[in-house]
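Undergrad: start.txt is reproduced below (compact mmCIF, C-alpha atoms and all ligand atoms).
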```
# COMPACT_ATOMS: atom_id res chain seq x y z
CA MET T 1 -26.73 -0.95 -18.69
CA ILE T 2 -28.98 1.17 -16.49
CA LYS T 3 -27.35 4.30 -15.09
CA GLU T 4 -27.65 4.26 -11.32
CA GLU T 5 -29.14 7.45 -9.91
CA ILE T 6 -27.50 8.53 -6.67
CA GLU T 7 -29.61 10.60 -4.33
CA ILE T 8 -27.57 13.20 -2.49
CA ASP T 9 -28.49 14.17 1.05
CA PHE T 10 -26.46 17.35 1.45
CA ASN T 11 -26.87 17.23 5.25
CA THR T 12 -24.76 14.08 5.40
CA LEU T 13 -21.84 15.52 3.43
CA LYS T 14 -18.86 16.55 5.53
CA ILE T 15 -16.08 18.93 4.55
CA PHE T 16 -12.62 18.97 6.13
CA SER T 17 -9.56 21.04 5.41
CA LEU T 18 -6.02 19.70 5.37
CA THR T 19 -2.87 21.78 5.63
CA SER T 20 0.75 20.72 5.64
CA GLN T 21 0.77 20.84 9.46
CA ASP T 22 -2.46 18.78 9.71
CA ILE T 23 -0.86 16.06 7.59
CA LYS T 24 2.30 16.05 9.73
CA ASN T 25 0.11 15.70 12.84
CA ILE T 26 -2.00 12.86 11.42
CA LYS T 27 1.18 11.05 10.37
CA LYS T 28 2.57 11.32 13.90
CA GLU T 29 -0.62 10.55 15.80
CA ASN T 30 -2.46 7.98 13.70
CA ILE T 31 -0.47 6.26 10.97
CA LYS T 32 -3.42 4.05 9.98
CA ARG T 33 -5.60 7.10 9.36
CA TYR T 34 -2.74 8.69 7.42
CA ASN T 35 -2.34 5.59 5.23
CA ASP T 36 -6.09 5.38 4.55
CA LEU T 37 -6.23 9.05 3.66
CA GLU T 38 -3.17 8.76 1.44
CA ILE T 39 -4.79 5.94 -0.56
CA GLN T 40 -8.07 7.81 -0.97
CA ILE T 41 -6.41 11.09 -1.99
CA LYS T 42 -4.15 9.25 -4.43
CA LYS T 43 -7.18 7.71 -6.09
CA LEU T 44 -8.85 11.09 -6.53
CA GLY T 45 -5.58 12.79 -7.53
CA ASP T 46 -5.06 10.18 -10.27
CA GLU T 47 -8.64 10.65 -11.45
CA SER T 48 -8.21 14.41 -11.59
CA ALA T 49 -4.97 14.00 -13.58
CA LYS T 50 -6.82 11.77 -16.05
CA TRP T 51 -9.65 14.28 -16.51
CA GLN T 52 -7.12 17.05 -17.08
CA LYS T 53 -4.81 14.93 -19.25
CA LEU T 54 -1.86 15.49 -16.91
CA ARG T 55 0.96 12.97 -16.79
CA TYR T 56 1.19 13.09 -12.99
CA ALA T 57 -1.22 13.77 -10.16
CA ILE T 58 -0.84 17.32 -8.86
CA THR T 59 -2.63 16.49 -5.63
CA THR T 60 -1.22 13.95 -3.19
CA LEU T 61 -0.74 14.09 0.58
CA ASP T 62 3.02 14.41 0.04
CA ILE T 63 2.54 17.45 -2.19
CA ILE T 64 0.29 19.17 0.37
CA GLU T 65 2.74 18.34 3.14
CA GLU T 66 5.63 19.83 1.17
CA ASN T 67 3.75 23.02 0.26
CA PRO T 68 2.60 24.93 3.36
CA GLU T 69 0.92 27.58 1.19
CA GLN T 70 -1.53 24.98 -0.15
CA LYS T 71 -4.73 23.78 1.50
CA LEU T 72 -6.92 20.86 0.54
CA TYR T 73 -10.64 20.92 1.22
CA ILE T 74 -12.05 17.40 1.02
CA ILE T 75 -15.70 16.41 0.90
CA CYS T 76 -16.86 13.07 2.27
CA GLY T 77 -20.06 11.08 2.02
CA GLN T 78 -21.89 9.05 4.64
CA ASN T 79 -19.23 6.38 5.21
CA ASN T 80 -16.44 8.93 5.23
CA ASP T 81 -15.62 7.95 1.66
CA LEU T 82 -14.04 10.78 -0.27
CA ILE T 83 -16.20 12.28 -3.02
CA GLY T 84 -13.98 15.14 -4.11
CA TYR T 85 -11.74 18.03 -3.24
CA ILE T 86 -10.65 21.56 -3.98
CA LYS T 87 -7.01 22.50 -3.62
CA ILE T 88 -6.23 26.16 -3.11
CA GLY T 89 -2.91 27.92 -2.74
CA LYS T 90 -1.53 31.45 -2.42
CA LYS T 91 0.66 32.50 -5.32
CA LYS T 92 2.50 35.56 -6.47
CA LEU T 93 1.23 36.26 -9.99
CA TYR T 94 1.64 38.92 -12.64
CA LEU T 95 -1.84 39.64 -13.93
CA TYR T 96 -3.02 42.00 -16.63
CA ASP T 97 -6.10 44.16 -16.27
CA LYS T 98 -8.46 45.15 -19.10
CA ASP T 99 -6.21 48.08 -20.05
CA GLY T 100 -3.16 45.86 -20.37
CA VAL T 101 -1.57 47.13 -17.16
CA CYS T 102 0.41 44.44 -15.34
CA HIS T 103 -0.12 44.00 -11.58
CA GLU T 104 2.04 41.96 -9.24
CA LEU T 105 -0.35 40.31 -6.81
CA VAL T 106 -0.27 37.66 -4.11
CA LEU T 107 -3.62 35.97 -4.26
CA GLN T 108 -5.52 32.81 -3.63
CA THR T 109 -5.75 30.40 -6.55
CA ILE T 110 -7.75 27.30 -7.37
CA LEU T 111 -5.11 24.71 -8.16
CA ASP T 112 -7.15 21.53 -8.50
CA PHE T 113 -10.83 20.69 -8.27
CA LEU T 114 -12.43 17.28 -8.60
CA ILE T 115 -15.73 15.65 -7.89
CA THR T 116 -15.46 11.92 -8.56
CA THR T 117 -17.25 10.90 -11.78
CA ILE T 118 -20.38 9.21 -10.42
CA TYR T 119 -21.08 12.20 -8.16
CA GLN T 120 -20.64 14.90 -10.80
CA LYS T 121 -23.44 17.24 -11.92
CA LYS T 122 -25.39 16.85 -8.69
CA GLY T 123 -24.50 20.17 -7.14
CA ILE T 124 -21.72 18.80 -4.91
CA GLY T 125 -19.01 20.85 -6.63
CA HIS T 126 -21.05 23.99 -6.07
CA HIS T 127 -21.70 23.05 -2.43
CA LEU T 128 -17.96 22.58 -1.85
CA PHE T 129 -16.94 25.67 -3.79
CA GLU T 130 -19.38 27.85 -1.83
CA TYR T 131 -18.00 26.42 1.42
CA VAL T 132 -14.42 27.26 0.42
CA LEU T 133 -15.35 30.81 -0.65
CA LYS T 134 -17.03 31.40 2.70
CA LYS T 135 -14.28 29.82 4.84
CA GLU T 136 -11.51 31.67 3.03
CA ASN T 137 -13.47 34.91 2.77
CA LEU T 138 -13.12 34.95 -1.01
CA LYS T 139 -15.22 35.94 -3.97
CA GLU T 140 -15.15 34.02 -7.24
CA THR T 141 -13.98 37.25 -8.87
CA ASN T 142 -10.91 37.76 -6.69
CA ILE T 143 -9.25 34.42 -7.26
CA ALA T 144 -7.24 32.98 -10.15
CA TYR T 145 -7.98 29.57 -11.68
CA ASP T 146 -5.04 27.42 -12.73
CA ARG T 147 -5.56 25.92 -16.21
CA PRO T 148 -9.35 25.68 -15.92
CA SER T 149 -10.94 22.83 -17.86
CA ASP T 150 -13.98 23.37 -20.08
CA ARG T 151 -15.99 21.66 -17.33
CA LEU T 152 -14.82 24.19 -14.76
CA ILE T 153 -15.57 27.05 -17.17
CA ASN T 154 -19.10 25.65 -17.64
CA PHE T 155 -19.41 25.32 -13.87
CA LEU T 156 -18.41 28.99 -13.41
CA LYS T 157 -20.83 30.07 -16.15
CA LYS T 158 -23.66 28.18 -14.54
CA HIS T 159 -23.14 29.12 -10.89
CA TYR T 160 -21.20 32.40 -11.00
CA ASN T 161 -22.31 34.17 -14.21
CA PHE T 162 -18.87 33.86 -15.71
CA THR T 163 -18.93 35.21 -19.26
CA LYS T 164 -15.45 36.38 -20.21
CA ASP T 165 -11.91 36.35 -18.89
CA ILE T 166 -9.05 38.82 -19.28
CA PRO T 167 -6.35 37.11 -21.34
CA GLN T 168 -3.15 36.48 -19.37
CA TYR T 169 0.40 35.45 -20.22
CA ASN T 170 0.34 32.51 -17.80
CA ASN T 171 -1.88 29.48 -17.15
CA PHE T 172 -4.20 31.35 -14.86
CA MET T 173 -7.71 32.54 -15.67
CA ILE T 174 -9.46 35.46 -14.03
CA PHE T 175 -12.95 36.85 -14.45
CA GLU T 176 -13.37 39.97 -16.62
CA ASN T 177 -14.65 41.74 -13.49
CA PHE T 178 -11.67 40.65 -11.35
CA ASN T 179 -11.18 43.08 -8.46
CA PHE T 180 -7.75 44.59 -9.09
C1 LIG E 1 -15.78 20.61 -12.66
C2 LIG E 1 -16.34 19.81 -11.47
C3 LIG E 1 -15.41 19.91 -10.28
C4 LIG E 1 -17.72 20.37 -11.11
O1 LIG E 1 -18.30 19.64 -10.05
P1 LIG E 1 -19.81 19.14 -10.11
O2 LIG E 1 -20.17 18.57 -8.80
O3 LIG E 1 -19.98 18.28 -11.32
O4 LIG E 1 -20.57 20.55 -10.34
P2 LIG E 1 -22.09 20.95 -10.01
O5 LIG E 1 -22.95 19.74 -10.03
O6 LIG E 1 -22.11 21.82 -8.81
O7 LIG E 1 -22.39 21.88 -11.27
C5 LIG E 1 -22.70 21.24 -12.48
C6 LIG E 1 -22.28 22.13 -13.63
O8 LIG E 1 -20.83 22.08 -13.81
C7 LIG E 1 -20.52 21.94 -15.22
N1 LIG E 1 -20.03 20.55 -15.49
C8 LIG E 1 -19.84 19.58 -14.60
N2 LIG E 1 -19.39 18.46 -15.22
C9 LIG E 1 -19.29 18.75 -16.52
C10 LIG E 1 -18.90 18.02 -17.68
N3 LIG E 1 -18.50 16.74 -17.61
N4 LIG E 1 -18.93 18.63 -18.86
C11 LIG E 1 -19.33 19.91 -18.98
N5 LIG E 1 -19.73 20.66 -17.91
C12 LIG E 1 -19.71 20.08 -16.71
C13 LIG E 1 -21.85 22.15 -15.95
O9 LIG E 1 -22.06 23.54 -16.09
C14 LIG E 1 -22.84 21.62 -14.94
O10 LIG E 1 -24.16 22.10 -15.12
P3 LIG E 1 -25.23 21.13 -15.86
O11 LIG E 1 -25.34 19.91 -15.02
O12 LIG E 1 -26.48 21.96 -15.90
O13 LIG E 1 -24.65 20.84 -17.21
C15 LIG E 1 -16.50 18.31 -11.86
O14 LIG E 1 -17.34 18.21 -12.96
C16 LIG E 1 -15.21 17.58 -12.13
O15 LIG E 1 -14.56 17.10 -11.23
N6 LIG E 1 -14.79 17.47 -13.42
C17 LIG E 1 -13.60 16.72 -13.79
C18 LIG E 1 -12.31 17.40 -13.33
C19 LIG E 1 -12.19 18.84 -13.77
O16 LIG E 1 -12.40 19.18 -14.93
N7 LIG E 1 -11.82 19.68 -12.80
C20 LIG E 1 -11.53 21.08 -13.01
C21 LIG E 1 -10.04 21.21 -12.93
S1 LIG E 1 -9.47 22.65 -13.75
```
Now, as a test, write the supplied structure out as C-alpha cells.
Ligand SMILES: CC(C)(COP(=O)(O)OP(=O)(O)OC[C@H]1O[C@@H](n2cnc3c(N)ncnc32)[C@H](O)[C@@H]1OP(=O)(O)O)[C@@H](O)C(=O)NCCC(=O)NCCS

TA:
Amino acid sequence: MIKEEIEIDFNTLKIFSLTSQDIKNIKKENIKRYNDLEIQIKKLGDESAKWQKLRYAITTLDIIEENPEQKLYIICGQNNDLIGYIKIGKKKLYLYDKDGVCHELVLQTILDFLITTIYQKKGIGHHLFEYVLKKENLKETNIAYDRPSDRLINFLKKHYNFTKDIPQYNNFMIFENFNF
C-alpha cells in the first residue's frame, strides 16, 4: 500500500474555540450544526482515548458543556472537517518546585490534545498549540500538562526545548523551568 502524502496549506486551516456557553447557544440556535459537531468531536474524542489507552473519551461536547472552566480549540481543514483539538482548563493544583516546596496554584492546564492520525507530524499540532498560547496569553512553561503521552513529550522537546520536568505527586507534568 502506498502511503498518501497530504499537502497542508496552513492558510486554509481554521481554528475556533468552544466554551460551555458557546455549546449551549449552538444547541439553541442551530440543532443541525450542534448534531454535526457532536458527531465530529465524538470521533476525535474516541480516537484520542484510543491513543491514550483510556477507557472513555475525556472530550465530548457534553463534557465541555458541563465544565465551564474548560475550553476546546478545534482546528478544521478546507471542508470544515475537524482535524484536531486542544482542550484546556483552569485547575487548582498543588505543585512542587525544584526545592520540594509545595505551591497551591490555579493555572491553565492542557487536558487533551489530538491531531487525527493522517494529519500528524505535519506541523499542525504546533500551529494549533502556538495559536492557543497566543490567544490565552500563556507560555509553555507556565502551564501544566495532564498525563502527557510520549508523543506529547517528544512534541515539547522538538518545539519548546523541553528537557526535564519537576516530579509531582499528581498526573500533571511541568517544565523544569516552570515559572512559580
Ligand atoms: C501529540 C500530537 C498532538 C502532536 O501533533 P502533531 O501535529 O503530530 O505535531 P507536529 O507535527 O507539530 O510536531 C511533530 C512532532 O511531535 C512529536 N510526535 C508527533 N507524533 C508522534 C508519534 N506518533 N510518536 C512520537 N512523537 C510524535 C515528534 O516530536 C514530532 O517530530 P518529528 O516529526 O520530527 O518526529 C499528535 O501526534 C497526536 O495527536 N498524537 C496522539 C494523541 C496524543 O498522544 N496526544 C497527547 C495527549 S497527552

Undergrad: I'd like the neighbourhood of Ile153 of chain T as a compact mmCIF listing (two decimals) with C-alpha atoms, keeping the file's coordinate frame, where a residue qualifies if any of its atoms comes within 12 Å (using all atoms listed in the file), though same-chain residues fewer than 3 positions away should be ignored.

TA:
```
# COMPACT_ATOMS: atom_id res chain seq x y z
CA PHE T 113 -10.83 20.69 -8.27
CA TYR T 145 -7.98 29.57 -11.68
CA ASP T 146 -5.04 27.42 -12.73
CA ARG T 147 -5.56 25.92 -16.21
CA PRO T 148 -9.35 25.68 -15.92
CA SER T 149 -10.94 22.83 -17.86
CA ASP T 150 -13.98 23.37 -20.08
CA LEU T 156 -18.41 28.99 -13.41
CA LYS T 157 -20.83 30.07 -16.15
CA LYS T 158 -23.66 28.18 -14.54
CA HIS T 159 -23.14 29.12 -10.89
CA TYR T 160 -21.20 32.40 -11.00
CA ASN T 161 -22.31 34.17 -14.21
CA PHE T 162 -18.87 33.86 -15.71
CA THR T 163 -18.93 35.21 -19.26
CA LYS T 164 -15.45 36.38 -20.21
CA ASP T 165 -11.91 36.35 -18.89
CA MET T 173 -7.71 32.54 -15.67
CA ILE T 174 -9.46 35.46 -14.03
CA PHE T 175 -12.95 36.85 -14.45
```

Undergrad: Go ahead and compute the interatomic distance for atom CA of Asn25 of chain T and atom CA of Leu138 of chain T, in Å to one decimal.

TA: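 Distance reported for this atom pair: 27.2 Å.
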
Undergrad: Output, as AutoDock Vina command-line options, the centre and edge lengths in Å (one decimal) of the axis-aligned box that contains all listed atoms of ligand LIG 1 (chain E) with 3 Å of margin on each side.

TA:
```
--center_x -18.0 --center_y 20.1 --center_z -13.9 --size_x 23.0 --size_y 12.8 --size_z 16.2
```

Undergrad: Nearest to ligand LIG 1 (chain E) among T:Ile124, T:Val101, T:Ile64, T:Ile26, with distances taken over only C-alpha atoms and all ligand atoms: which residue is it?

TA: T:Ile124

Undergrad: Please identify all protein, DNA and RNA residues within 6 Å of ligand LIG 1 (chain E), counting only C-alpha atoms and all ligand atoms, and report them as a PDB file with C-alpha atoms, in the coordinates of the input.

TA:
```pdb
ATOM      1  CA  SER T  48      -8.210  14.410 -11.590  1.00  0.00           C
ATOM      2  CA  TRP T  51      -9.650  14.280 -16.510  1.00  0.00           C
ATOM      3  CA  ASP T 112      -7.150  21.530  -8.500  1.00  0.00           C
ATOM      4  CA  PHE T 113     -10.830  20.690  -8.270  1.00  0.00           C
ATOM      5  CA  LEU T 114     -12.430  17.280  -8.600  1.00  0.00           C
ATOM      6  CA  ILE T 115     -15.730  15.650  -7.890  1.00  0.00           C
ATOM      7  CA  THR T 116     -15.460  11.920  -8.560  1.00  0.00           C
ATOM      8  CA  GLN T 120     -20.640  14.900 -10.800  1.00  0.00           C
ATOM      9  CA  LYS T 121     -23.440  17.240 -11.920  1.00  0.00           C
ATOM     10  CA  LYS T 122     -25.390  16.850  -8.690  1.00  0.00           C
ATOM     11  CA  GLY T 123     -24.500  20.170  -7.140  1.00  0.00           C
ATOM     12  CA  ILE T 124     -21.720  18.800  -4.910  1.00  0.00           C
ATOM     13  CA  GLY T 125     -19.010  20.850  -6.630  1.00  0.00           C
ATOM     14  CA  HIS T 126     -21.050  23.990  -6.070  1.00  0.00           C
ATOM     15  CA  ARG T 147      -5.560  25.920 -16.210  1.00  0.00           C
ATOM     16  CA  PRO T 148      -9.350  25.680 -15.920  1.00  0.00           C
ATOM     17  CA  SER T 149     -10.940  22.830 -17.860  1.00  0.00           C
ATOM     18  CA  ARG T 151     -15.990  21.660 -17.330  1.00  0.00           C
ATOM     19  CA  LEU T 152     -14.820  24.190 -14.760  1.00  0.00           C
ATOM     20  CA  ASN T 154     -19.100  25.650 -17.640  1.00  0.00           C
ATOM     21  CA  PHE T 155     -19.410  25.320 -13.870  1.00  0.00           C
ATOM     22  CA  LYS T 158     -23.660  28.180 -14.540  1.00  0.00           C
TER      23      LYS T 158
END
```

Undergrad: Grab the atom CA of Val132 of chain T to atom CA of Leu82 of chain T distance for me, in Å with one decimal place.

TA: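 Going from atom CA of Val132 of chain T over to atom CA of Leu82 of chain T, I get 16.5 Å.
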
Undergrad: Is it possible to produce a file of segment 26-131 of chain T from this structure, with C-alpha atoms, as a PDB file, in the first residue's frame?

TA:
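Output (decode32.pdb):
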```pdb
ATOM      1  CA  ILE T  26     -25.361  26.413  19.192  1.00  0.00           C
ATOM      2  CA  LYS T  27     -27.766  23.857  20.665  1.00  0.00           C
ATOM      3  CA  LYS T  28     -30.486  26.505  20.960  1.00  0.00           C
ATOM      4  CA  GLU T  29     -29.900  28.246  17.644  1.00  0.00           C
ATOM      5  CA  ASN T  30     -28.905  25.510  15.214  1.00  0.00           C
ATOM      6  CA  ILE T  31     -29.572  21.943  16.293  1.00  0.00           C
ATOM      7  CA  LYS T  32     -28.292  20.523  12.986  1.00  0.00           C
ATOM      8  CA  ARG T  33     -24.937  22.248  13.452  1.00  0.00           C
ATOM      9  CA  TYR T  34     -24.851  21.016  17.049  1.00  0.00           C
ATOM     10  CA  ASN T  35     -25.528  17.419  15.962  1.00  0.00           C
ATOM     11  CA  ASP T  36     -22.852  17.562  13.238  1.00  0.00           C
ATOM     12  CA  LEU T  37     -20.332  18.993  15.663  1.00  0.00           C
ATOM     13  CA  GLU T  38     -21.212  16.419  18.299  1.00  0.00           C
ATOM     14  CA  ILE T  39     -20.550  13.566  15.849  1.00  0.00           C
ATOM     15  CA  GLN T  40     -17.230  15.024  14.711  1.00  0.00           C
ATOM     16  CA  ILE T  41     -15.994  15.736  18.251  1.00  0.00           C
ATOM     17  CA  LYS T  42     -17.060  12.273  19.384  1.00  0.00           C
ATOM     18  CA  LYS T  43     -14.999  10.722  16.605  1.00  0.00           C
ATOM     19  CA  LEU T  44     -11.900  12.675  17.612  1.00  0.00           C
ATOM     20  CA  GLY T  45     -12.553  12.149  21.341  1.00  0.00           C
ATOM     21  CA  ASP T  46     -12.736   8.380  20.785  1.00  0.00           C
ATOM     22  CA  GLU T  47      -9.534   8.489  18.744  1.00  0.00           C
ATOM     23  CA  SER T  48      -7.749  10.436  21.458  1.00  0.00           C
ATOM     24  CA  ALA T  49      -8.936   7.931  24.092  1.00  0.00           C
ATOM     25  CA  LYS T  50      -7.545   5.099  21.962  1.00  0.00           C
ATOM     26  CA  TRP T  51      -4.154   6.782  21.570  1.00  0.00           C
ATOM     27  CA  GLN T  52      -4.002   7.377  25.310  1.00  0.00           C
ATOM     28  CA  LYS T  53      -5.393   3.947  26.233  1.00  0.00           C
ATOM     29  CA  LEU T  54      -8.288   5.483  28.160  1.00  0.00           C
ATOM     30  CA  ARG T  55     -11.499   3.531  28.620  1.00  0.00           C
ATOM     31  CA  TYR T  56     -13.694   6.552  27.902  1.00  0.00           C
ATOM     32  CA  ALA T  57     -13.365   9.698  25.830  1.00  0.00           C
ATOM     33  CA  ILE T  58     -12.460  12.682  28.009  1.00  0.00           C
ATOM     34  CA  THR T  59     -13.551  15.145  25.349  1.00  0.00           C
ATOM     35  CA  THR T  60     -17.155  15.315  24.169  1.00  0.00           C
ATOM     36  CA  LEU T  61     -19.489  18.267  23.650  1.00  0.00           C
ATOM     37  CA  ASP T  62     -21.430  17.216  26.756  1.00  0.00           C
ATOM     38  CA  ILE T  63     -18.278  17.298  28.875  1.00  0.00           C
ATOM     39  CA  ILE T  64     -17.354  20.792  27.646  1.00  0.00           C
ATOM     40  CA  GLU T  65     -20.911  21.985  28.229  1.00  0.00           C
ATOM     41  CA  GLU T  66     -20.881  20.657  31.785  1.00  0.00           C
ATOM     42  CA  ASN T  67     -17.483  22.169  32.636  1.00  0.00           C
ATOM     43  CA  PRO T  68     -17.468  25.960  32.200  1.00  0.00           C
ATOM     44  CA  GLU T  69     -13.781  26.132  33.183  1.00  0.00           C
ATOM     45  CA  GLN T  70     -12.834  24.105  30.086  1.00  0.00           C
ATOM     46  CA  LYS T  71     -12.329  25.413  26.564  1.00  0.00           C
ATOM     47  CA  LEU T  72     -11.925  23.446  23.370  1.00  0.00           C
ATOM     48  CA  TYR T  73      -9.885  24.818  20.488  1.00  0.00           C
ATOM     49  CA  ILE T  74     -10.729  22.947  17.293  1.00  0.00           C
ATOM     50  CA  ILE T  75      -8.833  23.068  14.021  1.00  0.00           C
ATOM     51  CA  CYS T  76     -10.617  22.487  10.723  1.00  0.00           C
ATOM     52  CA  GLY T  77      -9.473  21.836   7.180  1.00  0.00           C
ATOM     53  CA  GLN T  78     -10.824  23.141   3.896  1.00  0.00           C
ATOM     54  CA  ASN T  79     -14.256  21.492   4.023  1.00  0.00           C
ATOM     55  CA  ASN T  80     -14.709  22.365   7.680  1.00  0.00           C
ATOM     56  CA  ASP T  81     -13.768  18.800   8.575  1.00  0.00           C
ATOM     57  CA  LEU T  82     -12.217  18.563  12.011  1.00  0.00           C
ATOM     58  CA  ILE T  83      -8.508  17.717  12.055  1.00  0.00           C
ATOM     59  CA  GLY T  84      -7.816  18.012  15.762  1.00  0.00           C
ATOM     60  CA  TYR T  85      -8.221  19.869  19.006  1.00  0.00           C
ATOM     61  CA  ILE T  86      -6.644  21.082  22.207  1.00  0.00           C
ATOM     62  CA  LYS T  87      -8.691  21.119  25.389  1.00  0.00           C
ATOM     63  CA  ILE T  88      -7.546  23.450  28.123  1.00  0.00           C
ATOM     64  CA  GLY T  89      -8.957  24.038  31.578  1.00  0.00           C
ATOM     65  CA  LYS T  90      -8.161  26.016  34.723  1.00  0.00           C
ATOM     66  CA  LYS T  91      -7.399  23.857  37.737  1.00  0.00           C
ATOM     67  CA  LYS T  92      -6.327  24.303  41.307  1.00  0.00           C
ATOM     68  CA  LEU T  93      -3.181  22.193  41.709  1.00  0.00           C
ATOM     69  CA  TYR T  94      -0.574  21.539  44.353  1.00  0.00           C
ATOM     70  CA  LEU T  95       2.766  21.679  42.568  1.00  0.00           C
ATOM     71  CA  TYR T  96       6.266  21.147  43.872  1.00  0.00           C
ATOM     72  CA  ASP T  97       9.185  23.335  42.872  1.00  0.00           C
ATOM     73  CA  LYS T  98      12.795  22.168  42.474  1.00  0.00           C
ATOM     74  CA  ASP T  99      13.428  22.616  46.209  1.00  0.00           C
ATOM     75  CA  GLY T 100      10.480  20.434  47.143  1.00  0.00           C
ATOM     76  CA  VAL T 101       8.339  23.357  48.293  1.00  0.00           C
ATOM     77  CA  CYS T 102       4.635  22.830  47.596  1.00  0.00           C
ATOM     78  CA  HIS T 103       2.649  25.663  45.971  1.00  0.00           C
ATOM     79  CA  GLU T 104      -1.120  25.880  45.685  1.00  0.00           C
ATOM     80  CA  LEU T 105      -1.806  27.373  42.268  1.00  0.00           C
ATOM     81  CA  VAL T 106      -4.759  27.969  39.983  1.00  0.00           C
ATOM     82  CA  LEU T 107      -3.412  27.600  36.495  1.00  0.00           C
ATOM     83  CA  GLN T 108      -4.210  26.698  32.954  1.00  0.00           C
ATOM     84  CA  THR T 109      -3.702  23.060  32.013  1.00  0.00           C
ATOM     85  CA  ILE T 110      -3.595  21.061  28.805  1.00  0.00           C
ATOM     86  CA  LEU T 111      -6.221  18.381  29.326  1.00  0.00           C
ATOM     87  CA  ASP T 112      -6.391  16.737  25.915  1.00  0.00           C
ATOM     88  CA  PHE T 113      -4.601  17.223  22.617  1.00  0.00           C
ATOM     89  CA  LEU T 114      -5.194  15.356  19.392  1.00  0.00           C
ATOM     90  CA  ILE T 115      -4.325  15.692  15.753  1.00  0.00           C
ATOM     91  CA  THR T 116      -6.089  12.969  13.791  1.00  0.00           C
ATOM     92  CA  THR T 117      -3.687  10.218  12.650  1.00  0.00           C
ATOM     93  CA  ILE T 118      -3.326  11.002   8.939  1.00  0.00           C
ATOM     94  CA  TYR T 119      -2.560  14.653   9.726  1.00  0.00           C
ATOM     95  CA  GLN T 120       0.053  14.012  12.419  1.00  0.00           C
ATOM     96  CA  LYS T 121       3.714  15.073  12.111  1.00  0.00           C
ATOM     97  CA  LYS T 122       2.958  17.822   9.610  1.00  0.00           C
ATOM     98  CA  GLY T 123       3.273  20.760  11.956  1.00  0.00           C
ATOM     99  CA  ILE T 124      -0.472  21.142  12.568  1.00  0.00           C
ATOM    100  CA  GLY T 125      -0.175  20.373  16.289  1.00  0.00           C
ATOM    101  CA  HIS T 126       2.474  23.058  16.609  1.00  0.00           C
ATOM    102  CA  HIS T 127       0.369  25.532  14.615  1.00  0.00           C
ATOM    103  CA  LEU T 128      -2.607  24.919  16.927  1.00  0.00           C
ATOM    104  CA  PHE T 129      -0.548  24.933  20.112  1.00  0.00           C
ATOM    105  CA  GLU T 130       1.072  28.260  19.186  1.00  0.00           C
ATOM    106  CA  TYR T 131      -2.372  29.717  18.474  1.00  0.00           C
TER     107      TYR T 131
END
```
